[in-house]
>>> print(open('structure-v3.cif').read())   # mmCIF, C-alpha atoms
data_model
loop_
_atom_site.label_atom_id
_atom_site.label_comp_id
_atom_site.auth_asym_id
_atom_site.auth_seq_id
_atom_site.Cartn_x
_atom_site.Cartn_y
_atom_site.Cartn_z
CA MET A 201 93.28 86.23 108.25
CA LEU A 202 95.72 88.11 110.40
CA LEU A 203 94.44 89.16 113.77
CA PHE A 204 96.30 91.54 116.01
CA THR A 205 95.55 92.53 119.55
CA ALA A 206 94.57 96.12 120.27
CA LYS A 207 97.82 96.32 122.24
CA ALA A 208 99.90 95.33 119.21
CA ILE A 209 98.14 97.90 117.05
CA GLU A 210 98.61 100.69 119.60
CA ASN A 211 102.24 99.66 120.03
CA LEU A 212 102.75 100.14 116.30
CA LEU A 213 100.86 103.44 116.20
CA GLU A 214 103.04 104.82 119.00
CA SER A 215 106.14 103.89 117.00
CA ILE A 216 105.05 105.60 113.77
CA LEU A 217 106.36 109.09 113.15
CA PHE A 218 103.45 110.58 111.19
CA ASP A 219 104.27 113.66 109.11
CA GLY A 220 102.74 117.11 109.52
CA ALA A 221 99.63 115.96 107.66
CA GLY A 222 99.24 112.93 109.93
CA LEU A 223 100.40 110.53 107.22
CA VAL A 224 103.11 107.91 106.75
CA PRO A 225 104.26 106.43 103.42
CA ALA A 226 103.54 102.72 102.98
CA ILE A 227 105.33 100.58 100.40
CA ALA A 228 103.35 97.58 99.14
CA GLN A 229 105.44 94.59 98.10
CA ARG A 230 104.23 91.24 96.74
CA HIS A 231 104.96 88.67 99.40
CA ASP A 232 105.74 85.91 96.91
CA THR A 233 107.88 87.58 94.24
CA GLY A 234 109.25 90.63 96.09
CA GLU A 235 107.88 92.92 93.36
CA VAL A 236 107.41 96.48 94.63
CA LEU A 237 103.84 97.32 93.66
CA MET A 238 103.18 100.88 94.76
CA LEU A 239 103.64 103.51 97.41
CA ALA A 240 100.63 105.09 99.08
CA TRP A 241 99.92 106.88 102.34
CA MET A 242 98.25 105.90 105.59
CA ASP A 243 96.79 107.86 108.45
CA ARG A 244 96.12 106.35 111.89
CA ASP A 245 92.72 105.04 110.88
CA ALA A 246 94.11 103.41 107.74
CA VAL A 247 96.73 101.60 109.82
CA ARG A 248 94.08 100.44 112.31
CA GLU A 249 91.70 99.35 109.56
CA THR A 250 94.42 97.44 107.72
CA LEU A 251 95.50 95.54 110.83
CA ASN A 252 91.99 94.92 112.10
CA THR A 253 90.63 93.57 108.82
CA GLY A 254 93.67 92.29 106.89
CA ARG A 255 92.40 94.31 103.90
CA VAL A 256 94.95 96.98 103.01
CA THR A 257 93.45 100.46 103.42
CA TYR A 258 95.22 103.72 102.58
CA TRP A 259 94.45 107.41 102.93
CA SER A 260 93.76 108.93 99.53
CA ARG A 261 95.43 112.33 99.42
CA SER A 262 93.59 113.29 96.23
CA ARG A 263 90.15 112.31 97.54
CA GLN A 264 90.95 113.11 101.18
CA LYS A 265 89.33 109.98 102.52
CA LEU A 266 90.04 106.40 103.48
CA TRP A 267 90.69 104.23 100.44
CA ARG A 268 90.18 100.52 100.87
CA LYS A 269 92.27 99.22 98.00
CA GLY A 270 90.19 97.32 95.47
CA ASP A 271 86.74 98.52 96.49
CA THR A 272 86.22 99.97 93.00
CA SER A 273 88.57 97.82 90.90
CA GLY A 274 88.32 94.51 92.73
CA HIS A 275 92.11 94.56 92.90
CA THR A 276 92.40 94.08 96.61
CA GLN A 277 95.49 93.63 98.75
CA ARG A 278 95.51 91.18 101.62
CA LEU A 279 98.02 91.93 104.32
CA ILE A 280 100.60 89.23 105.00
CA SER A 281 102.92 91.23 107.23
CA LEU A 282 103.62 94.82 108.21
CA ARG A 283 107.05 96.21 109.05
CA ILE A 284 108.23 99.62 110.17
CA ASP A 285 111.64 101.13 109.47
CA CYS A 286 114.38 102.15 111.87
CA ASP A 287 113.25 105.75 112.32
CA GLY A 288 109.54 104.96 112.23
CA ASP A 289 108.63 107.06 109.24
CA THR A 290 107.97 104.39 106.60
CA LEU A 291 105.88 101.20 106.54
CA LEU A 292 106.51 98.12 104.39
CA LEU A 293 103.50 95.95 103.66
CA ASN A 294 103.90 92.44 102.39
CA VAL A 295 100.71 91.72 100.52
CA GLU A 296 98.86 89.25 98.39
CA GLN A 297 97.79 91.27 95.35
CA ILE A 298 94.66 90.37 93.40
CA GLY A 299 94.94 91.52 89.76
CA ALA A 300 96.72 94.74 88.83
CA ALA A 301 98.08 96.97 91.59
CA CYS A 302 98.16 100.04 89.32
CA HIS A 303 95.12 102.01 88.17
CA THR A 304 96.54 101.72 84.61
CA ASN A 305 95.88 97.97 84.97
CA ARG A 306 99.58 97.21 85.03
CA PRO A 307 100.92 94.77 87.60
CA ASN A 308 102.70 97.57 89.44
CA CYS A 309 102.95 101.36 89.30
CA PHE A 310 106.65 101.49 88.39
CA PHE A 311 106.36 100.85 84.66
CA ARG A 312 108.51 103.74 83.44
CA GLU A 313 112.28 103.42 83.59
CA VAL A 314 115.02 105.89 82.78
CA SER A 315 116.86 104.71 79.69
CA GLU A 316 119.69 106.41 77.83
CA GLU A 317 117.22 108.37 75.76
CA GLY A 318 114.53 109.18 78.34
CA LEU A 319 111.66 107.39 80.07
CA ALA A 320 110.80 104.02 78.58
CA VAL A 321 107.58 102.11 79.31
CA ILE A 322 108.63 98.66 80.47
CA SER A 323 105.33 96.88 81.13
CA GLU A 324 101.91 96.74 79.53
CA PRO A 325 98.41 96.67 81.00
CA MET A 326 97.20 93.21 82.03
CA ALA A 327 94.55 91.41 80.01
CA ASP A 328 91.10 91.66 81.60
CA MET B 86 128.69 102.61 85.19
CA LEU B 87 125.36 103.90 83.98
CA LEU B 88 125.53 106.98 81.85
CA PHE B 89 122.47 108.97 80.92
CA THR B 90 122.18 111.85 78.53
CA ALA B 91 121.29 115.27 79.88
CA LYS B 92 118.09 114.92 77.87
CA ALA B 93 117.14 111.69 79.64
CA ILE B 94 117.78 113.26 83.03
CA GLU B 95 115.74 116.37 82.24
CA ASN B 96 112.96 114.16 80.84
CA LEU B 97 112.82 112.37 84.19
CA LEU B 98 112.96 115.58 86.22
CA GLU B 99 110.02 117.00 84.24
CA SER B 100 108.03 113.87 85.05
CA ILE B 101 108.62 113.96 88.80
CA LEU B 102 105.96 115.56 90.95
CA PHE B 103 108.09 116.98 93.76
CA ASP B 104 106.24 117.79 96.99
CA GLY B 105 105.91 121.19 98.61
CA ALA B 106 109.42 120.85 100.04
CA GLY B 107 110.85 119.99 96.62
CA LEU B 108 111.31 116.33 97.54
CA VAL B 109 110.22 112.94 96.22
CA PRO B 110 110.34 109.63 98.12
CA ALA B 111 112.76 107.05 96.70
CA ILE B 112 112.53 103.36 97.55
CA ALA B 113 115.82 101.46 97.35
CA GLN B 114 115.51 97.79 96.43
CA ARG B 115 118.30 95.23 96.01
CA HIS B 116 118.50 94.39 92.36
CA ASP B 117 119.44 90.74 92.94
CA THR B 118 117.15 89.61 95.75
CA GLY B 119 114.28 92.13 95.56
CA GLU B 120 114.78 93.02 99.25
CA VAL B 121 113.39 96.47 100.06
CA LEU B 122 116.26 98.23 101.80
CA MET B 123 115.05 101.69 102.78
CA LEU B 124 113.06 104.73 101.81
CA ALA B 125 114.73 108.12 101.62
CA TRP B 126 114.10 111.42 99.86
CA MET B 127 115.59 113.14 96.84
CA ASP B 128 115.54 116.70 95.60
CA ARG B 129 116.37 117.66 92.01
CA ASP B 130 120.09 117.78 92.66
CA ALA B 131 120.05 114.35 94.31
CA VAL B 132 118.30 112.88 91.26
CA ARG B 133 120.81 114.52 88.92
CA GLU B 134 123.80 113.45 91.02
CA THR B 135 122.54 109.86 91.23
CA LEU B 136 122.05 109.57 87.47
CA ASN B 137 125.23 111.39 86.57
CA THR B 138 127.50 109.38 88.83
CA GLY B 139 125.69 106.07 89.39
CA ARG B 140 126.27 106.61 93.15
CA VAL B 141 122.93 106.89 94.92
CA THR B 142 122.58 110.30 96.55
CA TYR B 143 119.65 111.42 98.68
CA TRP B 144 118.57 114.63 100.38
CA SER B 145 118.93 114.32 104.13
CA ARG B 146 115.90 115.94 105.73
CA SER B 147 117.52 115.86 109.18
CA ARG B 148 120.80 117.41 108.07
CA GLN B 149 119.24 119.49 105.26
CA LYS B 150 121.92 118.66 102.75
CA LEU B 151 122.82 116.20 100.00
CA TRP B 152 123.68 112.80 101.39
CA ARG B 153 125.77 110.57 99.19
CA LYS B 154 124.94 107.19 100.68
CA GLY B 155 127.99 105.47 102.14
CA ASP B 156 130.32 108.47 102.36
CA THR B 157 130.57 107.96 106.12
CA SER B 158 129.79 104.25 106.48
CA GLY B 159 131.29 102.90 103.28
CA HIS B 160 127.92 101.28 102.65
CA THR B 161 127.38 102.68 99.19
CA GLN B 162 124.59 102.02 96.74
CA ARG B 163 125.32 101.72 93.05
CA LEU B 164 122.39 102.47 90.80
CA ILE B 165 121.29 99.68 88.49
CA SER B 166 118.01 101.19 87.29
CA LEU B 167 115.61 103.96 88.22
CA ARG B 168 111.85 103.81 87.74
CA ILE B 169 109.08 106.31 88.37
CA ASP B 170 105.51 105.48 89.27
CA CYS B 171 102.28 106.18 87.38
CA ASP B 172 101.57 109.54 88.99
CA GLY B 173 105.19 110.63 89.16
CA ASP B 174 105.43 111.05 92.90
CA THR B 175 107.61 108.07 93.87
CA LEU B 176 110.92 106.69 92.59
CA LEU B 177 112.06 103.07 92.74
CA LEU B 178 115.82 102.51 92.67
CA ASN B 179 117.26 99.14 91.89
CA VAL B 180 120.66 99.13 93.55
CA GLU B 181 123.71 97.12 94.34
CA GLN B 182 124.13 97.51 98.09
CA ILE B 183 127.56 97.31 99.72
CA GLY B 184 127.27 96.17 103.36
CA ALA B 185 124.35 97.20 105.54
CA ALA B 186 121.74 99.59 104.16
CA CYS B 187 120.57 100.61 107.65
CA HIS B 188 122.47 102.85 110.05
CA THR B 189 121.87 100.18 112.72
CA ASN B 190 124.13 97.95 110.60
CA ARG B 191 121.23 95.71 109.65
CA PRO B 192 120.83 94.63 106.03
CA ASN B 193 117.73 96.78 105.65
CA CYS B 194 115.77 99.34 107.67
CA PHE B 195 112.59 97.27 108.01
CA PHE B 196 113.65 95.03 110.89
CA ARG B 197 110.60 95.52 113.12
CA GLU B 198 107.44 93.61 112.31
CA VAL B 199 104.01 93.72 113.88
CA SER B 200 103.36 90.44 115.64
CA GLU B 201 100.37 89.40 117.71
CA GLU B 202 101.90 90.91 120.81
CA GLY B 203 103.52 94.05 119.39
CA LEU B 204 106.62 94.97 117.41
CA ALA B 205 109.14 92.16 117.06
CA VAL B 206 112.75 92.65 115.92
CA ILE B 207 113.25 90.25 113.02
CA SER B 208 116.87 90.83 112.01
CA GLU B 209 120.16 91.47 113.76
CA PRO B 210 123.06 93.79 112.94
CA MET B 211 125.56 92.38 110.47
CA ALA B 212 129.01 91.27 111.63
CA ASP B 213 131.72 93.84 110.92
#
>>> encode(input="structure-v3.cif", output="structure tokens")
Amino acid sequence: MLLFTAKAIENLLESILFDGAGLVPAIAQRHDTGEVLMLAWMDRDAVRETLNTGRVTYWSRSRQKLWRKGDTSGHTQRLISLRIDCDGDTLLLNVEQIGAACHTNRPNCFFREVSEEGLAVISEPMAD
Amino acid sequence: MLLFTAKAIENLLESILFDGAGLVPAIAQRHDTGEVLMLAWMDRDAVRETLNTGRVTYWSRSRQKLWRKGDTSGHTQRLISLRIDCDGDTLLLNVEQIGAACHTNRPNCFFREVSEEGLAVISEPMAD
């Protein structure tokens, strides 16, 4: 389990340029394979919760509340490391992903790719 | 060079959920190593330009104009593949990156990581 000091967490929060809605995009990447799993959004509390617990927590824009990834599906994300970009407006989370990252039960959310003829589905839902 | 039909490009554009400003976040990832390079934004014209030319083009929110990556720095991105996520509000670009992706001349923009004590710089600018 990662444990960060309150100072480290506040240091990060001061460096994040939250948007007008108080949110910052967070990219989740598998720490072992480099697979990009998803992009979701965090508010200040989601950042704090993620760093305090090591359980990745987002802000759900559709439900307008904190969303601790996996609480419903069991498909949790454990934080391995958290990085911030040069201008402070994007986070990159290296995570350990349990099960499918996507709500369609696919390993990641980016399963449609532009092909010559249009969008092609390039991965299937995982077996239960 | 990738070449997509107008139909394929329109099919993608219809599937993208642009935000209130007409933008969608695009994650650029190195196609060979899986390294996440940066996140930037695209409007409809940037998506079209990227697919039509194979040269990754974003919308610069600070300059409020199209930004063909590398025009100033020489650090271009060539598109290898473009994916869209399950709910259509994020793009993932697999790219061939020439030189540094970050304007700080680092390989990628995510060079600050939360450590126990605060943000630590984890990569240095590339040699010229």
>>> closest_residue(input="structure-v3.cif", among="A:Glu235, A:Glu296, A:Asp328, A:Asp219", to="chain B", atoms="only C-alpha atoms")
A:Glu235
>>> closest_atom_pairs(input="structure-v3.cif", of="chain A", to="chain B", cutoff="8 Å", atoms="all atoms listed in the file", output="Markdown table")
| residue | atom | partner | partner_atom | distance |
| --- | --- | --- | --- | --- |
| A:Leu203 | CA | B:Glu201 | CA | 7.1 |
| A:Phe204 | CA | B:Glu201 | CA | 4.9 |
| A:Thr205 | CA | B:Glu201 | CA | 6.0 |
| A:Lys207 | CA | B:Gly203 | CA | 6.8 |
| A:Ala208 | CA | B:Gly203 | CA | 3.8 |
| A:Ile209 | CA | B:Gly203 | CA | 7.0 |
| A:Asn211 | CA | B:Gly203 | CA | 5.8 |
| A:Leu212 | CA | B:Leu204 | CA | 6.6 |
| A:Thr233 | CA | B:Gly119 | CA | 8.0 |
| A:Gly234 | CA | B:Gly119 | CA | 5.3 |
| A:Glu235 | CA | B:Gly119 | CA | 6.8 |
| A:Met238 | CA | B:Asp170 | CA | 7.5 |
| A:Leu239 | CA | B:Thr175 | CA | 7.0 |
| A:Ser281 | CA | B:Val199 | CA | 7.2 |
| A:Leu282 | CA | B:Glu198 | CA | 5.7 |
| A:Arg283 | CA | B:Glu198 | CA | 4.2 |
| A:Ile284 | CA | B:Phe195 | CA | 5.4 |
| A:Asp285 | CA | B:Phe195 | CA | 4.2 |
| A:Cys286 | CA | B:Cys194 | CA | 5.2 |
| A:Thr290 | CA | B:Leu124 | CA | 7.0 |
| A:Leu291 | CA | B:Phe195 | CA | 7.9 |
| A:Leu292 | CA | B:Phe195 | CA | 7.1 |
| A:Cys302 | CA | B:Cys171 | CA | 7.6 |
| A:Thr304 | CA | B:Cys171 | CA | 7.8 |
| A:Cys309 | CA | B:Asp170 | CA | 4.9 |
| A:Phe310 | CA | B:Asp170 | CA | 4.2 |
| A:Phe311 | CA | B:Asp170 | CA | 6.6 |
| A:Arg312 | CA | B:Arg168 | CA | 5.4 |
| A:Glu313 | CA | B:Arg168 | CA | 4.2 |
| A:Val314 | CA | B:Leu167 | CA | 5.8 |
| A:Ser315 | CA | B:Ala93 | CA | 7.0 |
| A:Glu316 | CA | B:Phe89 | CA | 4.9 |
| A:Glu317 | CA | B:Ala93 | CA | 5.1 |
| A:Gly318 | CA | B:Ala93 | CA | 3.8 |
| A:Leu319 | CA | B:Leu97 | CA | 6.6 |
>>> closest_residue(input="structure-v3.cif", among="B:Arg163, B:Asn190, B:Asp156, B:Arg115", to="Gly139 of chain B", atoms="only C-alpha atoms")
B:Arg163
>>> resolve_selection(input="structure-v3.cif", expression="the PyMOL selection byres ((chain A and resi 261) around 10)", output="list in words")
Ala221, Leu223, Ala240, Trp241, Met242, Tyr258, Trp259, Ser260, Ser262, Arg263, Gln264, Lys265, Leu266 and Trp267 of chain A
>>> resolve_selection(input="structure-v3.cif", expression="the PyMOL selection byres ((chain B and resi 184) around 8)", output="JSON, numbers by chain")
{"B": [159, 160, 161, 182, 183, 185, 186, 192]}
>>> atom_distance(input="structure-v3.cif", atom1="atom CA of Gln162 of chain B", atom2="atom CA of Thr138 of chain B")
11.2 Å
>>> closest_residue(input="structure-v3.cif", among="A:His231, A:Val224, A:Phe218, A:Leu279", to="Glu249 of chain A", atoms="all atoms listed in the file")
A:Leu279
>>> atom_distance(input="structure-v3.cif", atom1="atom CA of Arg129 of chain B", atom2="atom CA of Ile165 of chain B")
19.0 Å
>>> atom_distance(input="structure-v3.cif", atom1="atom CA of Asn294 of chain A", atom2="atom CA of Asp117 of chain B")
18.3 Å
>>> axis_aligned_box(input="structure-v3.cif", around="segment 297-314 of chain A", padding_each_side="5 Å", output="AutoDock Vina command-line options")
--center_x 104.8 --center_y 98.1 --center_z 89.1 --size_x 30.4 --size_y 25.5 --size_z 22.6
>>> decode(input="structure-v3.cif", residues="segment 156-168 of chain B", atoms="N, CA, C and O atoms", output="compact mmCIF listing (two decimals), in the first residue's frame")
# COMPACT_ATOMS: atom_id res chain seq x y z
N ASP B 156 5.48 21.55 -35.85
CA ASP B 156 5.75 22.59 -36.85
C ASP B 156 6.84 23.55 -36.39
O ASP B 156 7.64 24.04 -37.19
N THR B 157 6.86 23.84 -35.09
CA THR B 157 7.90 24.72 -34.55
C THR B 157 9.12 23.94 -34.11
O THR B 157 10.25 24.29 -34.43
N SER B 158 8.89 22.85 -33.39
CA SER B 158 9.99 22.11 -32.75
C SER B 158 10.63 21.07 -33.66
O SER B 158 11.76 20.62 -33.39
N GLY B 159 9.91 20.65 -34.68
CA GLY B 159 10.39 19.52 -35.48
C GLY B 159 10.01 18.17 -34.88
O GLY B 159 10.24 17.14 -35.47
N HIS B 160 9.43 18.23 -33.68
CA HIS B 160 9.09 16.99 -32.96
C HIS B 160 7.69 16.51 -33.35
O HIS B 160 6.74 16.61 -32.57
N THR B 161 7.60 15.99 -34.55
CA THR B 161 6.31 15.60 -35.11
C THR B 161 5.82 14.26 -34.55
O THR B 161 6.60 13.48 -33.99
N GLN B 162 4.54 14.05 -34.72
CA GLN B 162 3.94 12.75 -34.40
C GLN B 162 3.26 12.23 -35.66
O GLN B 162 2.42 12.90 -36.26
N ARG B 163 3.62 11.01 -36.03
CA ARG B 163 2.96 10.37 -37.17
C ARG B 163 1.94 9.38 -36.62
O ARG B 163 2.24 8.58 -35.74
N LEU B 164 0.74 9.46 -37.13
CA LEU B 164 -0.33 8.60 -36.62
C LEU B 164 -0.16 7.18 -37.11
O LEU B 164 0.00 6.93 -38.30
N ILE B 165 -0.22 6.26 -36.16
CA ILE B 165 -0.21 4.83 -36.50
C ILE B 165 -1.63 4.28 -36.44
O ILE B 165 -2.08 3.57 -37.34
N SER B 166 -2.35 4.59 -35.36
CA SER B 166 -3.75 4.18 -35.26
C SER B 166 -4.48 5.13 -34.34
O SER B 166 -3.87 5.83 -33.52
N LEU B 167 -5.79 5.18 -34.50
CA LEU B 167 -6.62 6.06 -33.67
C LEU B 167 -7.79 5.26 -33.14
O LEU B 167 -8.52 4.62 -33.89
N ARG B 168 -7.97 5.28 -31.83
CA ARG B 168 -9.06 4.56 -31.17
C ARG B 168 -9.94 5.54 -30.41
O ARG B 168 -9.50 6.63 -30.04
